[in-house]
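Colleague: Sharing model-v7.pdb here; it has PDB, C-alpha atoms.
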ATOM      1  CA  MET K   1     -18.993 -11.036   5.957
ATOM      2  CA  ARG K   2     -21.758  -8.826   4.647
ATOM      3  CA  SER K   3     -22.052  -7.191   8.064
ATOM      4  CA  VAL K   4     -18.331  -6.323   8.062
ATOM      5  CA  ARG K   5     -18.591  -4.840   4.578
ATOM      6  CA  THR K   6     -21.542  -2.707   5.663
ATOM      7  CA  LYS K   7     -19.714  -1.531   8.782
ATOM      8  CA  ARG K   8     -16.637  -0.608   6.730
ATOM      9  CA  THR K   9     -18.824   1.377   4.345
ATOM     10  CA  VAL K  10     -20.592   3.211   7.178
ATOM     11  CA  ILE K  11     -17.321   4.086   8.930
ATOM     12  CA  SER K  12     -15.837   5.215   5.603
ATOM     13  CA  ALA K  13     -18.846   7.473   5.033
ATOM     14  CA  LEU K  14     -18.414   8.898   8.533
ATOM     15  CA  MET K  15     -14.725   9.568   7.844
ATOM     16  CA  MET K  16     -15.643  11.249   4.547
ATOM     17  CA  ALA K  17     -18.122  13.461   6.393
ATOM     18  CA  LEU K  18     -15.460  14.346   8.963
ATOM     19  CA  ALA K  19     -13.066  15.205   6.135
ATOM     20  CA  MET K  20     -15.682  17.659   4.893
ATOM     21  CA  VAL K  21     -16.427  19.412   8.221
ATOM     22  CA  LEU K  22     -13.175  19.264  10.240
ATOM     23  CA  PRO K  23     -11.523  21.903   8.027
ATOM     24  CA  MET K  24     -14.367  24.289   8.907
ATOM     25  CA  PHE K  25     -13.807  23.894  12.637
ATOM     26  CA  LEU K  26     -10.028  23.627  12.770
ATOM     27  CA  GLY K  27      -9.521  25.980   9.833
ATOM     28  CA  SER K  28     -11.250  28.765  11.731
ATOM     29  CA  ILE K  29      -8.340  28.964  14.178
ATOM     30  CA  PRO K  30      -6.532  32.131  13.028
ATOM     31  CA  ASN K  31      -3.052  31.676  11.508
ATOM     32  CA  PHE K  32      -2.984  28.072  12.650
ATOM     33  CA  GLY K  33      -5.973  26.048  11.501
ATOM     34  CA  ARG K  34      -4.820  24.986   8.059
ATOM     35  CA  SER K  35      -1.512  23.732   9.422
ATOM     36  CA  LEU K  36      -3.436  21.244  11.614
ATOM     37  CA  LEU K  37      -4.150  19.236   8.429
ATOM     38  CA  PRO K  38      -7.795  18.550   9.270
ATOM     39  CA  MET K  39      -8.569  16.342   6.258
ATOM     40  CA  HIS K  40      -5.665  14.028   7.022
ATOM     41  CA  ILE K  41      -7.012  12.792  10.366
ATOM     42  CA  PRO K  42     -10.203  11.098   9.115
ATOM     43  CA  VAL K  43      -8.413   9.610   6.100
ATOM     44  CA  LEU K  44      -5.731   8.057   8.283
ATOM     45  CA  LEU K  45      -8.391   6.768  10.684
ATOM     46  CA  CYS K  46     -10.301   5.267   7.762
ATOM     47  CA  GLY K  47      -7.211   3.359   6.658
ATOM     48  CA  PHE K  48      -6.576   2.087  10.173
ATOM     49  CA  LEU K  49     -10.198   1.124  10.830
ATOM     50  CA  CYS K  50     -11.473  -0.046   7.443
ATOM     51  CA  GLY K  51      -8.405  -1.140   5.520
ATOM     52  CA  TRP K  52      -6.321   0.074   2.641
ATOM     53  CA  GLY K  53      -9.040   0.071  -0.028
ATOM     54  CA  HIS K  54     -11.441   2.246   1.909
ATOM     55  CA  GLY K  55      -8.624   4.497   3.105
ATOM     56  CA  LEU K  56      -7.382   4.949  -0.457
ATOM     57  CA  ALA K  57     -10.876   5.716  -1.784
ATOM     58  CA  VAL K  58     -11.792   8.192   0.956
ATOM     59  CA  GLY K  59      -8.396   9.859   0.673
ATOM     60  CA  PHE K  60      -8.581  10.295  -3.078
ATOM     61  CA  ILE K  61     -12.198  11.461  -3.237
ATOM     62  CA  ALA K  62     -12.269  13.789  -0.197
ATOM     63  CA  PRO K  63     -10.348  16.799  -1.633
ATOM     64  CA  PHE K  64     -12.374  16.781  -4.857
ATOM     65  CA  LEU K  65     -15.684  16.381  -3.032
ATOM     66  CA  ARG K  66     -14.779  19.158  -0.625
ATOM     67  CA  PHE K  67     -13.936  21.404  -3.577
ATOM     68  CA  LEU K  68     -17.285  20.611  -5.221
ATOM     69  CA  ILE K  69     -19.239  21.309  -2.029
ATOM     70  CA  PHE K  70     -17.291  24.163  -0.432
ATOM     71  CA  GLY K  71     -14.960  25.475  -3.139
ATOM     72  CA  ALA K  72     -11.843  24.615  -1.128
ATOM     73  CA  PRO K  73      -9.161  23.458  -1.508
ATOM     74  CA  THR K  74      -8.551  24.949  -4.925
ATOM     75  CA  ILE K  75      -8.739  22.243  -7.545
ATOM     76  CA  PHE K  76      -5.335  22.977  -9.126
ATOM     77  CA  PRO K  77      -2.818  22.326  -7.754
ATOM     78  CA  ASP K  78      -4.018  21.831  -4.160
ATOM     79  CA  ALA K  79      -6.863  19.290  -4.466
ATOM     80  CA  VAL K  80      -4.991  17.253  -7.077
ATOM     81  CA  GLY K  81      -1.871  17.021  -4.919
ATOM     82  CA  MET K  82      -3.890  16.341  -1.783
ATOM     83  CA  ALA K  83      -5.888  13.574  -3.486
ATOM     84  CA  PHE K  84      -2.748  11.557  -4.172
ATOM     85  CA  GLU K  85      -1.246  12.399  -0.778
ATOM     86  CA  LEU K  86      -4.375  11.443   1.172
ATOM     87  CA  ALA K  87      -4.937   8.311  -0.911
ATOM     88  CA  THR K  88      -1.398   7.241  -0.019
ATOM     89  CA  TYR K  89      -2.059   7.964   3.670
ATOM     90  CA  GLY K  90      -5.198   5.862   3.726
ATOM     91  CA  MET K  91      -3.696   3.014   1.719
ATOM     92  CA  CYS K  92      -0.421   2.824   3.667
ATOM     93  CA  ALA K  93      -2.116   3.140   7.063
ATOM     94  CA  GLY K  94      -4.445   0.278   6.162
ATOM     95  CA  LEU K  95      -1.750  -1.978   4.723
ATOM     96  CA  LEU K  96       0.771  -1.396   7.496
ATOM     97  CA  TYR K  97      -1.735  -1.682  10.336
ATOM     98  CA  GLN K  98      -3.056  -4.930   8.886
ATOM     99  CA  ALA K  99       0.471  -6.366   8.513
ATOM    100  CA  LEU K 100       1.838  -5.313  11.907
ATOM    101  CA  PRO K 101       0.873  -6.600  15.365
ATOM    102  CA  LYS K 102      -2.130  -4.795  16.837
ATOM    103  CA  LYS K 103      -0.223  -3.066  19.629
ATOM    104  CA  LEU K 104       0.080   0.665  20.248
ATOM    105  CA  PRO K 105       3.782   1.003  19.297
ATOM    106  CA  TYR K 106       3.067  -0.581  15.906
ATOM    107  CA  ALA K 107       0.206   1.852  15.310
ATOM    108  CA  TYR K 108       2.783   4.622  15.686
ATOM    109  CA  VAL K 109       5.093   2.852  13.222
ATOM    110  CA  ALA K 110       2.259   2.486  10.696
ATOM    111  CA  LEU K 111       1.257   6.129  11.162
ATOM    112  CA  ILE K 112       4.750   7.551  10.758
ATOM    113  CA  PHE K 113       5.562   5.476   7.671
ATOM    114  CA  SER K 114       2.172   6.398   6.167
ATOM    115  CA  MET K 115       2.808  10.070   6.819
ATOM    116  CA  LEU K 116       6.265   9.924   5.234
ATOM    117  CA  ALA K 117       4.973   8.040   2.180
ATOM    118  CA  GLY K 118       2.083  10.485   1.743
ATOM    119  CA  ARG K 119       4.356  13.495   1.950
ATOM    120  CA  CYS K 120       6.760  11.993  -0.604
ATOM    121  CA  VAL K 121       3.866  11.289  -2.992
ATOM    122  CA  TRP K 122       2.566  14.837  -2.447
ATOM    123  CA  GLY K 123       6.015  16.208  -3.321
ATOM    124  CA  LEU K 124       6.283  14.102  -6.481
ATOM    125  CA  VAL K 125       2.782  15.036  -7.652
ATOM    126  CA  LYS K 126       3.324  18.698  -6.850
ATOM    127  CA  TYR K 127       6.605  18.644  -8.774
ATOM    128  CA  ARG K 128       4.876  17.026 -11.763
ATOM    129  CA  LEU K 129       2.074  19.594 -11.661
ATOM    130  CA  VAL K 130       4.649  22.384 -11.616
ATOM    131  CA  LEU K 131       6.294  20.950 -14.723
ATOM    132  CA  MET K 132       2.890  21.109 -16.459
ATOM    133  CA  SER K 133       2.295  24.725 -15.450
ATOM    134  CA  THR K 134       4.452  27.683 -16.363
ATOM    135  CA  ASN K 135       3.308  29.972 -13.555
ATOM    136  CA  LEU K 136       4.201  27.693 -10.620
ATOM    137  CA  SER K 137       7.543  26.947  -9.003
ATOM    138  CA  PHE K 138       8.419  24.119  -6.650
ATOM    139  CA  GLY K 139      11.862  23.269  -5.378
ATOM    140  CA  VAL K 140      13.397  21.359  -2.506
ATOM    141  CA  ASP K 141      12.863  24.291  -0.126
ATOM    142  CA  ALA K 142       9.177  24.475  -1.066
ATOM    143  CA  PHE K 143       8.833  20.712  -0.581
ATOM    144  CA  PHE K 144      10.298  20.760   2.936
ATOM    145  CA  ALA K 145       8.312  23.865   3.856
ATOM    146  CA  GLY K 146       5.020  22.407   2.625
ATOM    147  CA  ALA K 147       5.542  18.823   3.696
ATOM    148  CA  PHE K 148       7.155  19.312   7.091
ATOM    149  CA  PHE K 149       7.760  22.795   8.479
ATOM    150  CA  ASN K 150       4.357  24.371   7.761
ATOM    151  CA  ALA K 151       2.635  21.084   8.623
ATOM    152  CA  LEU K 152       4.407  20.538  11.949
ATOM    153  CA  PRO K 153       1.354  21.329  14.141
ATOM    154  CA  GLY K 154      -0.722  18.824  12.150
ATOM    155  CA  ILE K 155       2.013  16.201  12.287
ATOM    156  CA  ILE K 156       2.203  16.555  16.073
ATOM    157  CA  LEU K 157      -1.596  16.420  16.370
ATOM    158  CA  GLN K 158      -1.753  13.241  14.273
ATOM    159  CA  ILE K 159       0.962  11.547  16.324
ATOM    160  CA  LEU K 160      -0.743  12.482  19.594
ATOM    161  CA  LEU K 161      -4.284  11.657  18.490
ATOM    162  CA  ILE K 162      -4.464   8.824  15.980
ATOM    163  CA  PRO K 163      -2.657   5.818  17.555
ATOM    164  CA  PRO K 164      -4.365   6.189  20.970
ATOM    165  CA  LEU K 165      -7.719   6.637  19.224
ATOM    166  CA  VAL K 166      -7.122   3.528  17.100
ATOM    167  CA  ALA K 167      -6.210   1.567  20.255
ATOM    168  CA  LEU K 168      -9.327   2.840  22.042
ATOM    169  CA  LEU K 169     -11.599   1.947  19.131
ATOM    170  CA  ALA K 170      -9.995  -1.509  18.950
ATOM    171  CA  LYS K 171     -10.970  -2.071  22.593
ATOM    172  CA  PHE K 172     -14.576  -1.364  21.615
ATOM    173  CA  LYS K 173     -14.156  -3.698  18.616
ATOM    174  CA  ILE K 174     -14.569  -0.850  16.124
ATOM    175  CA  ASN K 175     -11.882  -1.976  13.738
ATOM    176  CA  TYR K 176     -12.637  -3.831  10.510
ATOM    177  CA  ASN K 177      -9.140  -3.775   9.007
ATOM    178  CA  TYR K 178      -8.507  -7.462   8.526
ATOM    179  CA  SER K 179      -8.809  -9.816   5.621
ATOM    180  CA  LYS K 180     -11.372 -12.620   5.523
TER     181      LYS K 180
END
Would it be possible to restate this file's structure as structure tokens?
Modeller:
Amino acid sequence: MRSVRTKRTVISALMMALAMVLPMFLGSIPNFGRSLLPMHIPVLLCGFLCGWGHGLAVGFIAPFLRFLIFGAPTIFPDAVGMAFELATYGMCAGLLYQALPKKLPYAYVALIFSMLAGRCVWGLVKYRLVLMSTNLSFGVDAFFAGAFFNALPGIILQILLIPPLVALLAKFKINYNYSK
């Protein structure tokens, strides 16, 4: 049991590190990098591999830690909204993957539901932040643009990359998302 806990912690730390550096590599792609959603990938993987608690923690902490280290994303409203969105991704991915059969089609189901839940939470948090600030506006058009249209390259990348990677890592027994 202690070994599993240690492995979950190490993988979570690796996913946190990836959440710090992936935006530098993917973000450097002109006019395209930010829409690849580079922080989302390691958070989702953390949920799948380590469970909902680790996914939630990495997802919530990553945007704030990245702001403290690199100054991006901006703390308000971006990092605040992303913290809740990414925490939801990590939590839902972990919960759904644990509950569903460990077969590739179910990894896609867990991913898609996690992505939808995260985007809904992001929209609700962003709306709440707008109500608190007089110089921001956020309507239905802004929600769909930010959550889906502008993020489409990242959504496609996540769908193409994450479930096969989770299945591959499961073959190598690098998956600690189970309860004992």
Colleague: For a test of reading the model, state the distance in Å between atom CA of K:Thr6 and atom CA of K:Met20, rounded to one decimal.
Modeller: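 We find that atom CA of K:Thr6 and atom CA of K:Met20 lie 21.2 Å from each other.
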Colleague: Using the chain letters and residue numbers of this document, give as JSON, numbers by chain the residues selected by the PyMOL selection byres ((chain K and resi 69-73) around 12).
Modeller: {"K": [17, 19, 20, 21, 23, 24, 27, 34, 37, 38, 39, 62, 63, 64, 65, 66, 67, 68, 74, 75, 76, 77, 78, 79, 80, 81, 82, 83]}
Colleague: On this file, the PyMOL selection byres ((chain K and resi 11) around 12) gives some set of residues; write that set as a PDB file with C-alpha atoms, in the coordinates of the input.
Modeller:
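Saved file expr39.pdb follows:
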ATOM      1  CA  VAL K   4     -18.331  -6.323   8.062  1.00  0.00           C
ATOM      2  CA  ARG K   5     -18.591  -4.840   4.578  1.00  0.00           C
ATOM      3  CA  THR K   6     -21.542  -2.707   5.663  1.00  0.00           C
ATOM      4  CA  LYS K   7     -19.714  -1.531   8.782  1.00  0.00           C
ATOM      5  CA  ARG K   8     -16.637  -0.608   6.730  1.00  0.00           C
ATOM      6  CA  THR K   9     -18.824   1.377   4.345  1.00  0.00           C
ATOM      7  CA  VAL K  10     -20.592   3.211   7.178  1.00  0.00           C
ATOM      8  CA  SER K  12     -15.837   5.215   5.603  1.00  0.00           C
ATOM      9  CA  ALA K  13     -18.846   7.473   5.033  1.00  0.00           C
ATOM     10  CA  LEU K  14     -18.414   8.898   8.533  1.00  0.00           C
ATOM     11  CA  MET K  15     -14.725   9.568   7.844  1.00  0.00           C
ATOM     12  CA  MET K  16     -15.643  11.249   4.547  1.00  0.00           C
ATOM     13  CA  ALA K  17     -18.122  13.461   6.393  1.00  0.00           C
ATOM     14  CA  LEU K  18     -15.460  14.346   8.963  1.00  0.00           C
ATOM     15  CA  PRO K  42     -10.203  11.098   9.115  1.00  0.00           C
ATOM     16  CA  VAL K  43      -8.413   9.610   6.100  1.00  0.00           C
ATOM     17  CA  LEU K  45      -8.391   6.768  10.684  1.00  0.00           C
ATOM     18  CA  CYS K  46     -10.301   5.267   7.762  1.00  0.00           C
ATOM     19  CA  GLY K  47      -7.211   3.359   6.658  1.00  0.00           C
ATOM     20  CA  PHE K  48      -6.576   2.087  10.173  1.00  0.00           C
ATOM     21  CA  LEU K  49     -10.198   1.124  10.830  1.00  0.00           C
ATOM     22  CA  CYS K  50     -11.473  -0.046   7.443  1.00  0.00           C
ATOM     23  CA  GLY K  51      -8.405  -1.140   5.520  1.00  0.00           C
ATOM     24  CA  HIS K  54     -11.441   2.246   1.909  1.00  0.00           C
ATOM     25  CA  GLY K  55      -8.624   4.497   3.105  1.00  0.00           C
ATOM     26  CA  VAL K  58     -11.792   8.192   0.956  1.00  0.00           C
ATOM     27  CA  LEU K 169     -11.599   1.947  19.131  1.00  0.00           C
ATOM     28  CA  ILE K 174     -14.569  -0.850  16.124  1.00  0.00           C
ATOM     29  CA  ASN K 175     -11.882  -1.976  13.738  1.00  0.00           C
ATOM     30  CA  TYR K 176     -12.637  -3.831  10.510  1.00  0.00           C
ATOM     31  CA  ASN K 177      -9.140  -3.775   9.007  1.00  0.00           C
TER      32      ASN K 177
END
Colleague: Just give me the gap between atom CA of K:Phe143 and atom CA of K:Leu26 in Å, one decimal is fine.
Modeller: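 Interatomic distance, atom CA of K:Phe143 to atom CA of K:Leu26: 23.3 Å.
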Colleague: Could you check which of K:Gly154, K:Leu165, K:Lys173, K:Ile112 is closest to K:Leu36, using all atoms listed in the file?
Modeller: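 When distances to K:Leu36 are compared using all atoms listed in the file, the smallest one comes from K:Gly154.
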Colleague: Excluding same-chain residues fewer than 5 positions from K:Gly118, what lies within 8 Å of it counting all atoms listed in the file, as a ChimeraX atom specification?
Modeller: /K:84-89
